[in-house]
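Peer 1: This is data35.tsv (TSV, C-alpha atoms).
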chain	number	residue	atom	x	y	z
A	5	MET	CA	99.18	31.01	201.17
A	6	VAL	CA	96.51	30.80	198.47
A	7	GLU	CA	95.33	27.26	197.77
A	8	PHE	CA	94.15	26.03	194.40
A	9	LEU	CA	93.15	22.76	192.77
A	10	THR	CA	95.61	21.11	190.40
A	11	ASN	CA	95.13	17.97	188.36
A	12	CYS	CA	97.28	15.37	186.61
A	13	PRO	CA	97.21	16.02	182.83
A	14	THR	CA	97.41	12.26	182.17
A	15	CYS	CA	94.62	10.80	184.31
A	16	GLY	CA	92.87	13.89	185.69
A	17	PHE	CA	93.38	13.08	189.37
A	18	SER	CA	92.94	16.29	191.39
A	19	PHE	CA	94.34	17.49	194.70
A	20	SER	CA	94.88	20.78	196.48
A	21	ALA	CA	98.17	22.67	196.44
A	22	ASP	CA	99.30	26.17	197.33
A	23	GLU	CA	101.22	28.87	195.50
A	24	SER	CA	104.57	27.64	196.87
A	25	HIS	CA	104.13	24.40	194.87
A	26	VAL	CA	103.70	26.07	191.46
A	27	GLY	CA	106.40	24.96	189.04
A	28	LEU	CA	107.49	21.97	191.13
A	29	SER	CA	107.61	18.54	189.55
A	30	THR	CA	105.62	15.78	191.23
A	31	SER	CA	104.43	12.25	190.51
A	32	CYS	CA	100.71	11.58	190.26
A	33	ALA	CA	99.56	9.34	193.11
A	34	SER	CA	97.00	7.73	190.83
A	35	CYS	CA	98.95	6.94	187.63
A	36	SER	CA	102.54	7.72	188.77
A	37	LYS	CA	103.19	9.98	185.76
A	38	GLU	CA	105.34	13.03	186.45
A	39	PHE	CA	104.02	16.54	185.79
A	40	VAL	CA	104.61	20.14	186.81
A	41	ILE	CA	102.14	21.60	189.31
A	42	GLN	CA	100.01	24.38	187.84
A	43	PRO	CA	96.55	25.72	188.76
A	44	SER	CA	93.88	23.68	187.00
A	45	ASP	CA	91.87	25.44	184.29
A	46	LYS	CA	88.95	23.14	185.11
A	47	ALA	CA	88.81	24.02	188.79
A	48	ASP	CA	86.87	26.72	190.53
A	49	ASN	CA	89.65	27.64	192.93
A	50	GLN	CA	87.30	29.44	195.32
A	51	ASN	CA	85.02	26.47	195.94
A	52	PHE	CA	86.48	23.02	196.40
A	53	PRO	CA	86.82	20.64	199.35
A	54	SER	CA	90.18	20.61	201.07
A	55	GLN	CA	92.06	17.56	199.80
A	56	SER	CA	95.61	16.67	200.76
A	57	ARG	CA	98.23	15.72	198.22
A	58	PRO	CA	98.43	11.91	198.52
A	59	ASP	CA	102.22	11.90	198.71
A	60	GLN	CA	102.08	14.27	201.71
A	61	ILE	CA	99.65	12.17	203.75
A	62	LEU	CA	101.30	10.75	206.86
A	63	VAL	CA	101.23	6.95	207.19
A	64	THR	CA	102.21	5.49	210.56
A	65	SER	CA	101.86	2.14	212.29
A	66	GLY	CA	101.22	3.91	215.59
A	67	ASP	CA	98.87	6.59	216.89
A	68	LEU	CA	99.18	10.38	216.98
A	69	ARG	CA	99.46	12.69	219.97
A	70	ALA	CA	97.49	15.44	218.24
A	71	SER	CA	93.70	15.26	218.27
A	72	TYR	CA	91.99	14.03	215.12
A	73	ASP	CA	88.70	12.76	213.71
A	74	VAL	CA	88.41	9.24	212.32
A	75	VAL	CA	87.25	9.39	208.70
A	76	GLY	CA	87.18	5.70	207.82
A	77	MET	CA	89.19	2.61	206.95
A	78	VAL	CA	91.45	2.37	203.90
A	79	CYS	CA	92.67	-0.92	202.44
A	80	PHE	CA	94.54	-2.15	199.38
A	81	THR	CA	95.59	-5.61	198.20
A	82	VAL	CA	98.29	-6.26	195.62
A	83	GLY	CA	100.05	-9.39	194.41
A	84	THR	CA	100.67	-11.91	191.66
A	85	ARG	CA	97.74	-14.22	192.32
A	86	GLY	CA	95.20	-14.47	189.49
A	87	GLU	CA	93.76	-11.20	188.22
A	88	MET	CA	95.73	-9.16	190.77
A	89	ARG	CA	98.85	-9.64	188.67
A	90	SER	CA	97.72	-7.32	185.86
A	91	THR	CA	97.04	-4.53	188.36
A	92	PHE	CA	100.42	-5.08	190.01
A	93	GLU	CA	102.25	-5.02	186.68
A	94	ALA	CA	100.55	-1.76	185.72
A	95	LEU	CA	101.31	-0.04	189.02
A	96	LYS	CA	104.88	-1.23	189.44
A	97	VAL	CA	106.14	0.47	186.26
A	98	GLY	CA	105.60	3.95	187.68
A	99	MET	CA	106.72	2.95	191.17
A	100	ALA	CA	109.91	1.34	189.84
A	101	HIS	CA	110.80	4.62	188.14
A	102	LYS	CA	110.07	6.59	191.31
A	103	LEU	CA	112.23	4.29	193.49
A	104	SER	CA	115.02	4.23	190.91
A	105	THR	CA	115.15	8.03	190.99
A	106	ALA	CA	115.21	8.06	194.79
A	107	LYS	CA	118.03	5.49	194.88
A	108	SER	CA	120.08	7.42	192.33
A	109	LYS	CA	119.84	10.45	194.64
A	110	GLY	CA	120.90	8.39	197.66
A	111	GLN	CA	117.49	8.70	199.32
A	112	LEU	CA	117.06	4.91	199.40
A	113	SER	CA	119.60	2.08	199.60
A	114	GLN	CA	120.27	-0.08	196.57
A	115	THR	CA	118.77	-3.59	196.46
A	116	THR	CA	119.72	-6.77	194.60
A	117	ASN	CA	117.27	-9.15	192.97
A	118	VAL	CA	117.40	-12.81	194.00
A	119	GLY	CA	115.49	-15.77	192.64
A	120	GLN	CA	113.06	-17.98	194.52
A	121	PHE	CA	114.22	-21.36	195.91
A	122	ILE	CA	112.02	-24.18	197.19
A	123	GLY	CA	113.72	-26.68	199.47
A	124	GLY	CA	112.86	-29.40	201.97
A	125	LEU	CA	113.98	-32.55	203.79
A	126	GLY	CA	113.13	-35.98	202.43
A	127	ILE	CA	114.13	-39.66	202.36
A	128	ASP	CA	116.38	-40.79	199.51
A	129	SER	CA	116.42	-44.24	197.86
A	130	ALA	CA	118.94	-45.51	200.44
A	131	GLY	CA	116.65	-44.54	203.31
A	132	ASP	CA	118.81	-41.63	204.41
A	133	ILE	CA	117.58	-38.11	205.13
A	134	ALA	CA	118.52	-35.76	202.32
A	135	LEU	CA	117.99	-32.11	201.48
A	136	ALA	CA	116.22	-31.58	198.19
A	137	GLY	CA	115.67	-28.26	196.48
A	138	GLN	CA	115.09	-26.54	193.19
A	139	TYR	CA	114.63	-23.08	191.83
A	140	ALA	CA	110.96	-22.40	191.36
A	141	GLY	CA	109.30	-20.83	188.39
A	142	ALA	CA	108.50	-17.83	190.59
A	143	SER	CA	105.99	-15.25	189.41
A	144	PHE	CA	108.03	-12.48	191.07
A	145	ASN	CA	111.48	-11.61	192.39
A	146	SER	CA	112.66	-9.92	195.57
A	147	ARG	CA	112.52	-6.47	193.98
A	148	ASP	CA	108.80	-6.99	193.33
A	149	LEU	CA	108.26	-7.35	197.09
A	150	GLU	CA	109.87	-3.97	197.67
A	151	LEU	CA	107.73	-2.44	194.92
A	152	ALA	CA	104.57	-4.04	196.34
A	153	PHE	CA	105.15	-2.45	199.74
A	154	HIS	CA	105.63	1.04	198.31
A	155	ILE	CA	102.65	0.60	195.98
A	156	ALA	CA	100.45	-0.43	198.92
A	157	VAL	CA	101.46	2.62	200.98
A	158	ASN	CA	100.94	4.89	197.97
A	159	GLN	CA	97.48	3.46	197.35
A	160	LEU	CA	96.47	3.95	201.00
A	161	GLN	CA	97.51	7.58	200.70
A	162	LEU	CA	95.48	7.91	197.51
A	163	ARG	CA	92.37	6.39	199.11
A	164	ALA	CA	92.78	8.56	202.19
A	165	SER	CA	92.89	11.65	199.97
A	166	TYR	CA	89.56	10.62	198.43
A	167	LEU	CA	88.13	10.77	201.96
A	168	ASN	CA	89.68	14.22	202.53
A	169	ALA	CA	91.86	12.71	205.24
A	170	ASN	CA	95.39	13.87	205.93
A	171	ALA	CA	96.84	10.92	207.86
A	172	VAL	CA	96.62	7.13	208.07
A	173	ILE	CA	97.24	5.60	211.50
A	174	ALA	CA	97.44	2.00	212.76
A	175	PHE	CA	99.04	0.97	209.45
A	176	ARG	CA	99.42	-2.78	208.98
A	177	TYR	CA	100.98	-4.77	206.14
A	178	ASP	CA	100.45	-8.51	205.78
A	179	ILE	CA	101.97	-10.69	203.06
A	180	ASP	CA	101.18	-14.32	202.21
A	181	PHE	CA	102.97	-16.74	199.89
A	182	ASP	CA	101.70	-19.85	198.18
A	183	SER	CA	103.00	-22.25	195.56
A	184	ASN	CA	101.24	-24.25	192.91
A	185	ALA	CA	103.21	-26.58	190.63
A	186	ASN	CA	106.44	-25.00	191.96
A	187	VAL	CA	105.28	-21.49	191.02
A	188	ILE	CA	105.33	-19.10	193.96
A	189	ASN	CA	102.84	-16.25	194.19
A	190	PHE	CA	102.34	-13.58	196.83
A	191	MET	CA	99.44	-11.46	198.05
A	192	ALA	CA	100.03	-8.40	200.23
A	193	THR	CA	97.33	-6.45	202.05
A	194	ALA	CA	97.81	-3.00	203.57
A	195	PHE	CA	95.22	-1.30	205.73
A	196	GLY	CA	94.87	1.51	208.22
A	197	THR	CA	92.56	4.17	209.68
A	198	ALA	CA	92.19	7.43	207.75
A	199	THR	CA	91.99	10.52	209.98
A	200	ASP	CA	91.51	14.26	209.62
A	201	GLY	CA	92.76	17.09	211.79
A	202	VAL	CA	96.53	16.53	211.65
A	203	VAL	CA	98.88	18.89	209.83
A	204	VAL	CA	102.29	17.51	208.82
A	205	ASN	CA	104.93	20.09	207.97
A	206	HIS	CA	107.97	19.51	205.77
A	207	SER	CA	110.12	18.56	208.78
A	208	GLY	CA	107.75	15.68	209.60
A	209	ALA	CA	106.33	17.26	212.74
A	210	CYS	CA	102.61	16.85	213.47
A	211	SER	CA	100.16	19.33	214.95
A	212	ALA	CA	96.42	19.68	215.23
A	213	SER	CA	94.77	21.69	212.48
A	214	ALA	CA	92.69	24.71	213.30
Translate this structure into structure tokens?

Peer 2:
Amino acid sequence: MVEFLTNCPTCGFSFSADESHVGLSTSCASCSKEFVIQPSDKADNQNFPSQSRPDQILVTSGDLRASYDVVGMVCFTVGTRGEMRSTFEALKVGMAHKLSTAKSKGQLSQTTNVGQFIGGLGIDSAGDIALAGQYAGASFNSRDLELAFHIAVNQLQLRASYLNANAVIAFRYDIDFDSNANVINFMATAFGTATDGVVVNHSGACSASA
């Protein structure tokens, strides 16, 4: 099939597609806005580096059987600590819409938000051990943790596409919590190794590229 370069009309992010994708609706991996795939007027479709669509880049915590070349490391950190919060708030709007659509179609299970509770054992005025607890002024809820994970994976795919990679292996996701004046914050870091040489078809199978 003939490949061409398409770009998001909102932010200008570009990626390669083929003629079978024309007319399909997709979400931009950079700004999460939805648009219909069309050949870009700005692109010279005969001369551009092969770049995978970010949402089609394989992300796995393991390795691959097919041969590949290591392109580099990709990493992304998201959370509610300090200046990270503004970035998280901006990214989660588009991701929340994307997950809501997937859940309405039955592609993902429904989730329920819960608040944050801080508890602990202590000694009361009578000298007895007592359980004390209170609801914290949390800077996030449980749904934010789900959004953060999907945002992190999406951002690794985006960064891998910038490297012209088509898979991310050895994926890891670490999350830390801290509290200050009974306000809980979180910071999540996702990282992996971007590789080239793997083709993933629509059934999820992998093979070495020619």

Peer 1: In Å, with one decimal, what is the gap from atom CA of Val82 of chain A to atom CA of Asp178 of chain A?

Peer 2: 10.6 Å

Peer 1: I need the residue nearest Asp180 of chain A from this list: A:Gly16, A:Gly27, A:Gly76, A:Gly83. Use all atoms listed in the file for the distance.

Peer 2: A:Gly83

Peer 1: Pick the closest to Ala169 of chain A from A:Ser108, A:Ser90, A:Thr84, A:Gln60: which is it, counting all atoms listed in the file?

Peer 2: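 Closest residue, counting all atoms listed in the file: A:Gln60.
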
Peer 1: Just the number, please: distance in Å from atom CA of Cys15 of chain A to atom CA of Lys37 of chain A, one decimal.

Peer 2: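 Interatomic distance, atom CA of Cys15 of chain A to atom CA of Lys37 of chain A: 8.7 Å.
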
Peer 1: Could you jot down the atom CA of Ser183 of chain A to atom CA of Phe80 of chain A separation for me, Å, one decimal place?

Peer 2: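 These atoms are spaced 22.1 Å apart.
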
Peer 1: Hey, what's within 10 Å of Phe181 of chain A if we count all atoms listed in the file and toss same-chain stuff fewer than 3 positions away? As a PyMOL selection string, please?

Peer 2: chain A and resi 83-85+188-192

Peer 1: Env of Val26 of chain A: 6 Å cut, atoms = only C-alpha atoms, seq-sep filter 3 positions within chain, self excluded. Answer as a PDB file with C-alpha atoms, in the coordinates of the input.

Peer 2:
ATOM      1  CA  GLU A  23     101.220  28.870 195.500  1.00  0.00           C
ATOM      2  CA  ILE A  41     102.140  21.600 189.310  1.00  0.00           C
ATOM      3  CA  GLN A  42     100.010  24.380 187.840  1.00  0.00           C
TER       4      GLN A  42
END

Peer 1: Output as AutoDock Vina command-line options the centre and edge lengths (Å, one decimal) of the box along x, y and z of the file that holds every listed atom of segment 8-20 of chain A after adding 8 Å on each side.

Peer 2:
--center_x 95.1 --center_y 18.4 --center_z 189.3 --size_x 20.5 --size_y 31.2 --size_z 30.3
